[in-house]
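Structure data (PDB, C-alpha atoms and all ligand atoms) from structure-v4.pdb:
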```pdb
ATOM      1  CA  MET A  13      91.916 122.122 129.387
ATOM      2  CA  SER A  14      92.497 122.299 125.640
ATOM      3  CA  GLU A  15      94.818 120.129 123.618
ATOM      4  CA  GLY A  16      97.573 121.804 121.634
ATOM      5  CA  PRO A  17      98.206 121.275 117.944
ATOM      6  CA  LYS A  18      99.640 117.938 116.893
ATOM      7  CA  VAL A  19     102.324 117.510 114.262
ATOM      8  CA  ILE A  20     100.957 115.072 111.664
ATOM      9  CA  PHE A  21     103.446 115.552 108.856
ATOM     10  CA  GLU A  22     107.078 116.569 108.878
ATOM     11  CA  GLU A  23     109.555 116.372 106.049
ATOM     12  CA  THR A  24     112.488 118.295 104.637
ATOM     13  CA  LEU A  25     111.880 118.969 100.966
ATOM     14  CA  LEU A  26     113.641 120.631  98.069
ATOM     15  CA  CYS A  27     112.825 124.338  98.034
ATOM     16  CA  PRO A  28     110.921 125.387  94.875
ATOM     17  CA  VAL A  29     112.738 128.728  94.854
ATOM     18  CA  CYS A  30     116.397 128.133  95.758
ATOM     19  CA  LYS A  31     116.419 124.357  95.082
ATOM     20  CA  SER A  32     118.322 123.506  98.225
ATOM     21  CA  LYS A  33     117.150 120.802 100.589
ATOM     22  CA  THR A  34     116.310 123.145 103.427
ATOM     23  CA  PHE A  35     112.548 123.453 103.004
ATOM     24  CA  LYS A  36     111.031 122.364 106.315
ATOM     25  CA  ALA A  37     107.464 121.211 105.780
ATOM     26  CA  ILE A  38     105.380 120.801 108.906
ATOM     27  CA  ASP A  39     101.622 120.200 109.093
ATOM     28  CA  TYR A  40      99.736 120.660 112.359
ATOM     29  CA  LEU A  41      96.350 119.288 113.248
ATOM     30  CA  TYR A  42      94.178 121.672 115.253
ATOM     31  CA  ASP A  43      90.969 120.648 116.934
ATOM     32  CA  THR A  44      88.950 123.858 117.024
ATOM     33  CA  PRO A  45      85.641 124.225 118.876
ATOM     34  CA  HIS A  46      83.796 125.927 115.993
ATOM     35  CA  ALA A  47      85.477 124.972 112.739
ATOM     36  CA  GLY A  48      86.231 121.350 113.609
ATOM     37  CA  LYS A  49      89.555 119.751 112.766
ATOM     38  CA  LEU A  50      91.872 121.875 110.651
ATOM     39  CA  ILE A  51      95.245 121.249 109.104
ATOM     40  CA  LEU A  52      97.637 124.140 109.206
ATOM     41  CA  SER A  53     100.643 123.942 106.937
ATOM     42  CA  ASN A  54     103.606 126.070 107.834
ATOM     43  CA  TRP A  55     106.431 125.370 105.414
ATOM     44  CA  TYR A  56     109.574 127.444 105.503
ATOM     45  CA  CYS A  57     112.905 127.455 103.681
ATOM     46  CA  GLU A  58     115.792 128.039 106.051
ATOM     47  CA  ASN A  59     118.047 128.989 103.184
ATOM     48  CA  CYS A  60     116.130 131.617 101.178
ATOM     49  CA  GLY A  61     113.179 132.379 103.447
ATOM     50  CA  TYR A  62     110.447 131.208 101.062
ATOM     51  CA  ARG A  63     107.303 130.455 103.036
ATOM     52  CA  PHE A  64     104.180 128.497 102.219
ATOM     53  CA  ARG A  65     101.128 128.643 104.479
ATOM     54  CA  ASP A  66      97.805 126.951 104.102
ATOM     55  CA  ILE A  67      94.776 125.998 106.160
ATOM     56  CA  LYS A  68      92.305 123.333 105.128
ATOM     57  CA  PRO A  69      89.742 121.048 106.738
ATOM     58  CA  TYR A  70      91.090 117.714 107.957
ATOM     59  CA  GLU A  71      88.126 115.899 106.424
ATOM     60  CA  GLY A  72      89.531 116.595 102.966
ATOM     61  CA  ARG A  73      92.359 114.184 103.582
ATOM     62  CA  GLU A  74      91.185 111.085 101.776
ATOM     63  CA  PRO A  75      92.094 109.332  98.515
ATOM     64  CA  LYS A  76      91.733 111.837  95.708
ATOM     65  CA  VAL A  77      92.494 112.627  92.110
ATOM     66  CA  ILE A  78      93.677 116.136  91.275
ATOM     67  CA  GLU A  79      93.604 117.179  87.681
ATOM     68  CA  MET A  80      94.706 120.337  85.915
ATOM     69  CA  ARG A  81      94.861 121.385  82.307
ATOM     70  CA  ILE A  82      98.046 123.324  81.577
ATOM     71  CA  GLU A  83      97.459 125.737  78.721
ATOM     72  CA  ASN A  84      99.930 128.595  79.057
ATOM     73  CA  GLU A  85     103.108 129.815  80.765
ATOM     74  CA  ASN A  86     101.135 131.125  83.688
ATOM     75  CA  ASP A  87      99.754 127.643  84.355
ATOM     76  CA  LEU A  88     103.326 126.304  84.287
ATOM     77  CA  ARG A  89     104.181 128.510  87.264
ATOM     78  CA  THR A  90     101.434 127.016  89.442
ATOM     79  CA  ILE A  91     102.647 125.663  92.790
ATOM     80  CA  ILE A  92     102.157 121.942  93.208
ATOM     81  CA  TYR A  93     102.900 119.547  96.034
ATOM     82  CA  ARG A  94     103.373 115.937  95.048
ATOM     83  CA  SER A  95     103.396 113.727  98.124
ATOM     84  CA  ALA A  96     105.491 110.581  98.294
ATOM     85  CA  PHE A  97     102.273 108.578  97.804
ATOM     86  CA  ALA A  98     101.021 110.228  94.630
ATOM     87  CA  LYS A  99     101.101 108.841  91.131
ATOM     88  CA  ILE A 100     101.668 111.338  88.309
ATOM     89  CA  THR A 101     100.095 110.862  84.908
ATOM     90  CA  ILE A 102     100.397 113.137  81.864
ATOM     91  CA  PRO A 103      98.493 111.324  79.089
ATOM     92  CA  GLU A 104      99.539 113.710  76.283
ATOM     93  CA  LEU A 105     103.222 113.087  77.009
ATOM     94  CA  GLY A 106     102.893 109.376  77.718
ATOM     95  CA  ILE A 107     104.140 109.861  81.270
ATOM     96  CA  GLU A 108     103.090 107.640  84.135
ATOM     97  CA  ILE A 109     105.146 107.647  87.320
ATOM     98  CA  GLU A 110     104.257 105.370  90.201
ATOM     99  CA  PRO A 111     104.946 106.621  93.739
ATOM    100  CA  ALA A 112     107.711 104.034  94.190
ATOM    101  CA  GLY A 113     109.668 105.610  91.340
ATOM    102  CA  MET A 114     110.486 108.687  93.391
ATOM    103  CA  SER A 115     110.446 107.962  97.053
ATOM    104  CA  GLN A 116     110.160 111.506  98.346
ATOM    105  CA  GLY A 117     107.510 114.171  98.148
ATOM    106  CA  TYR A 118     108.367 117.573  96.736
ATOM    107  CA  ILE A 119     106.904 121.014  96.264
ATOM    108  CA  SER A 120     107.596 122.727  92.984
ATOM    109  CA  THR A 121     106.011 124.517  90.067
ATOM    110  CA  ILE A 122     104.405 122.494  87.264
ATOM    111  CA  GLU A 123     107.401 123.435  85.133
ATOM    112  CA  GLY A 124     109.683 122.183  87.905
ATOM    113  CA  VAL A 125     107.851 118.868  87.978
ATOM    114  CA  LEU A 126     108.515 118.442  84.253
ATOM    115  CA  GLU A 127     112.157 119.238  84.926
ATOM    116  CA  ILE A 128     112.306 116.569  87.646
ATOM    117  CA  ILE A 129     110.635 114.075  85.314
ATOM    118  CA  LEU A 130     113.072 114.955  82.517
ATOM    119  CA  ASP A 131     115.927 114.303  84.931
ATOM    120  CA  LYS A 132     114.732 110.780  85.626
ATOM    121  CA  VAL A 133     113.175 109.723  82.335
ATOM    122  CA  GLY A 134     116.169 107.844  81.027
ATOM    123  CA  ASP A 135     114.554 104.479  81.642
ATOM    124  CA  PHE A 136     111.242 104.874  79.911
ATOM    125  CA  CYS A 137     111.469 107.863  77.581
ATOM    126  CA  ASP A 138     112.992 108.033  74.111
ATOM    127  CA  LYS A 139     114.235 111.162  72.256
ATOM    128  CA  GLU A 140     110.765 111.922  70.959
ATOM    129  CA  CYS A 141     109.152 111.907  74.366
ATOM    130  CA  GLU A 142     112.059 113.952  75.748
ATOM    131  CA  ASN A 143     111.447 116.599  73.113
ATOM    132  CA  LYS A 144     107.760 116.637  73.953
ATOM    133  CA  ILE A 145     108.544 117.291  77.619
ATOM    134  CA  ARG A 146     110.849 120.169  76.643
ATOM    135  CA  LEU A 147     108.153 121.712  74.444
ATOM    136  CA  ALA A 148     105.651 121.328  77.272
ATOM    137  CA  MET A 149     108.071 123.169  79.610
ATOM    138  CA  GLU A 150     108.116 126.073  77.160
ATOM    139  CA  GLY A 151     104.329 126.197  77.041
ATOM    140  CA  LYS A 152     104.195 124.940  73.452
ATOM    141  CA  ILE A 153     102.193 121.803  74.202
ATOM    142  CA  LYS A 154      98.977 121.820  76.191
ATOM    143  CA  PHE A 155      98.641 118.928  78.573
ATOM    144  CA  THR A 156      96.773 117.518  81.533
ATOM    145  CA  LEU A 157      98.528 116.754  84.794
ATOM    146  CA  VAL A 158      96.855 114.119  86.940
ATOM    147  CA  LEU A 159      97.848 113.356  90.530
ATOM    148  CA  GLU A 160      96.368 110.277  92.174
ATOM    149  CA  ASP A 161      97.064 110.347  95.886
ATOM    150  CA  GLU A 162      95.891 107.556  98.164
ATOM    151  CA  LEU A 163      96.597 109.646 101.263
ATOM    152  CA  GLY A 164      95.168 112.850  99.838
ATOM    153  CA  LEU A 165      98.214 114.920 100.821
ATOM    154  CA  SER A 166      99.042 116.361  97.414
ATOM    155  CA  PHE A 167      97.668 119.621  96.075
ATOM    156  CA  ILE A 168      97.804 121.997  93.137
ATOM    157  CA  LYS A 169      97.446 125.678  94.029
ATOM    158  CA  SER A 170      95.134 126.800  91.256
ATOM    159  CA  GLU A 171      91.455 127.461  90.782
ATOM    160  CA  LYS A 172      91.717 125.516  87.539
ATOM    161  CA  ALA A 173      92.572 122.313  89.393
ATOM    162  CA  THR A 174      89.713 119.904  89.979
ATOM    163  CA  VAL A 175      89.591 117.417  92.851
ATOM    164  CA  LYS A 176      87.633 114.168  92.758
ATOM    165  CA  PRO A 177      87.526 111.202  95.125
ATOM    166  CA  LEU A 178      89.916 108.431  94.109
ATOM    167  CA  ILE A 179      88.212 105.081  93.708
ATOM    168  CA  LEU A 180      90.684 102.440  94.804
ATOM    169  CA  THR A 181      90.523  99.312  92.692
ATOM    170  CA  ASN A 182      92.152  95.998  93.388
ATOM    171  CA  SER A 183      94.169  94.750  90.474
ATOM    172  CA  ASP A 184      93.565  91.097  89.759
TER
HETATM  173 ZN    ZN A 201     114.748 128.213  99.496
END
```
Before we go any further, please render this structure as structure tokens.
Ligand SMILES: [Zn+2]
Amino acid sequence: MSEGPKVIFEETLLCPVCKSKTFKAIDYLYDTPHAGKLILSNWYCENCGYRFRDIKPYEGREPKVIEMRIENENDLRTIIYRSAFAKITIPELGIEIEPAGMSQGYISTIEGVLEIILDKVGDFCDKECENKIRLAMEGKIKFTLVLEDELGLSFIKSEKATVKPLILTNSD
């Protein structure tokens, strides 16, 4: 008797295409006899039909740091998932957003992430840093996007993205 897939993650997110909150994200855990444990993502927008599918080994799900250098407009269109547990840092723009600042995860493009940040920067960003974000959105500033995710759920869909283990430090 074999066990069926288990749902390990389920959330309704903002759709990266039509921007409505109808993007059903569901991750299943499969225990396969030959390939071991696999996570299958089947995310689907009920409004516009946009679909995102992915399969990856379960073992990869541990604290990690994802980093990507954004150098052109093509890079700005890269699909990114920022989980509710991930911290975003963009050193060149002076941006540092703790997970608590935005309680929900979202899938978007890199450009979309900048847009979301711009929407919420009021508190910690002056005119100069706002302008920098706008220039970055137009591909006029090169920058590095860093995602630190304690649960390892986040991802950036690009071969340019590097993934390293996240060393958790206790602040004293
Ligand atoms: Zn949609």
Go through the shown structure with the PyMOL selection byres (((not hetatm)) within 8 of (chain A and resi 201)) and write out the matching residues as an MDAnalysis selection string. chainID A and resid 26:35 56:62
Taking all atoms listed in the file into account, which of A:Ile128, A:Ala37, A:Ile145, A:Leu157 comes nearest Lys99 of chain A?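 Looking at the shortest contact to Lys99 of chain A, the residue is A:Leu157.
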Top pick for closest residue to Glu79 of chain A, considering A:Leu52, A:Asp43, A:Val125, A:Thr101 and counting only C-alpha atoms: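 Closest residue, counting only C-alpha atoms: A:Thr101.
Atom CA of Ser170 of chain A is positioned 22.0 Å from atom CA of Ile109 of chain A.
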For atom CA of Lys176 of chain A and atom CA of Met149 of chain A, quote the distance in Å rounded to one decimal. 25.9 Å
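For the file at hand, the PyMOL selection byres (((chain A and resi 148) around 10) and not hetatm) resolves to Ile82, Glu83, Asn84, Glu85, Leu88, Glu104, Leu105, Glu123, Leu126, Glu142, Asn143, Lys144, Ile145, Arg146, Leu147, Met149, Glu150, Gly151, Lys152, Ile153, Lys154 and Phe155 of chain A.
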Within 9 Å of Arg94 of chain A using only C-alpha atoms, minus same-chain residues under 6 positions, as number ranges by chain: A: 100, 116-120, 125, 159, 161, 165-168
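For the pair atom CA of Lys36 of chain A and atom CA of Tyr70 of chain A, the interatomic distance is 20.5 Å.
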Pick out the closest residue to Leu25 of chain A from this set: A:Ile107, A:Ala96, A:Leu41, A:Leu50. Count only C-alpha atoms. A:Ala96
Since I can't run it myself right now, could you work out what the PyMOL selection byres (((chain A and resi 18) around 6) and not hetatm) selects here and report it as an MDAnalysis selection string? chainID A and resid 17 19 40:41
Selected residues written out with C-alpha atoms, as a PDB file, keeping the file's coordinate frame:
```pdb
ATOM      1  CA  PRO A  17      98.206 121.275 117.944  1.00  0.00           C
ATOM      2  CA  VAL A  19     102.324 117.510 114.262  1.00  0.00           C
ATOM      3  CA  TYR A  40      99.736 120.660 112.359  1.00  0.00           C
ATOM      4  CA  LEU A  41      96.350 119.288 113.248  1.00  0.00           C
TER       5      LEU A  41
END
```
Which residue gives the smallest distance to Ile91 of chain A among A:Ile129, A:Leu163, A:Phe64, A:Glu22, with all atoms listed in the file counted?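 Counting all atoms listed in the file, the residue closest to Ile91 of chain A is A:Phe64.
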Padding 6 Å on every side, please: axis-aligned box over the listed atoms of segment 56-75 of chain A, centre and edge lengths to one decimal in Å, as JSON.
```
{"center_x": 103.1, "center_y": 120.9, "center_z": 103.2, "size_x": 41.9, "size_y": 35.0, "size_z": 21.4}
```
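Among the candidate residues A:Phe97, A:Lys169, A:Glu160, A:Thr174, the one lying nearest to Arg65 of chain A is A:Lys169, with distances computed using all atoms listed in the file.
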Counting all atoms listed in the file, figure out which residue out of A:Lys49, A:Ile102, A:Tyr93, A:Gly16 gets nearest to Arg81 of chain A. A:Ile102
From (88.5, 116.3, 91.3), in the file's coordinates, out to 9 Å: which residues are reached, counting all atoms listed in the file? Answer as an MDAnalysis selection string. chainID A and resid 76:79 173:178
Could you save the residues just selected, with C-alpha atoms, as a short mmCIF file (atom, residue, chain, number, x, y, z; two decimals), in the coordinates of the input?
```cif
data_model
loop_
_atom_site.label_atom_id
_atom_site.label_comp_id
_atom_site.auth_asym_id
_atom_site.auth_seq_id
_atom_site.Cartn_x
_atom_site.Cartn_y
_atom_site.Cartn_z
CA LYS A 76 91.73 111.84 95.71
CA VAL A 77 92.49 112.63 92.11
CA ILE A 78 93.68 116.14 91.28
CA GLU A 79 93.60 117.18 87.68
CA ALA A 173 92.57 122.31 89.39
CA THR A 174 89.71 119.90 89.98
CA VAL A 175 89.59 117.42 92.85
CA LYS A 176 87.63 114.17 92.76
CA PRO A 177 87.53 111.20 95.12
CA LEU A 178 89.92 108.43 94.11
#
```
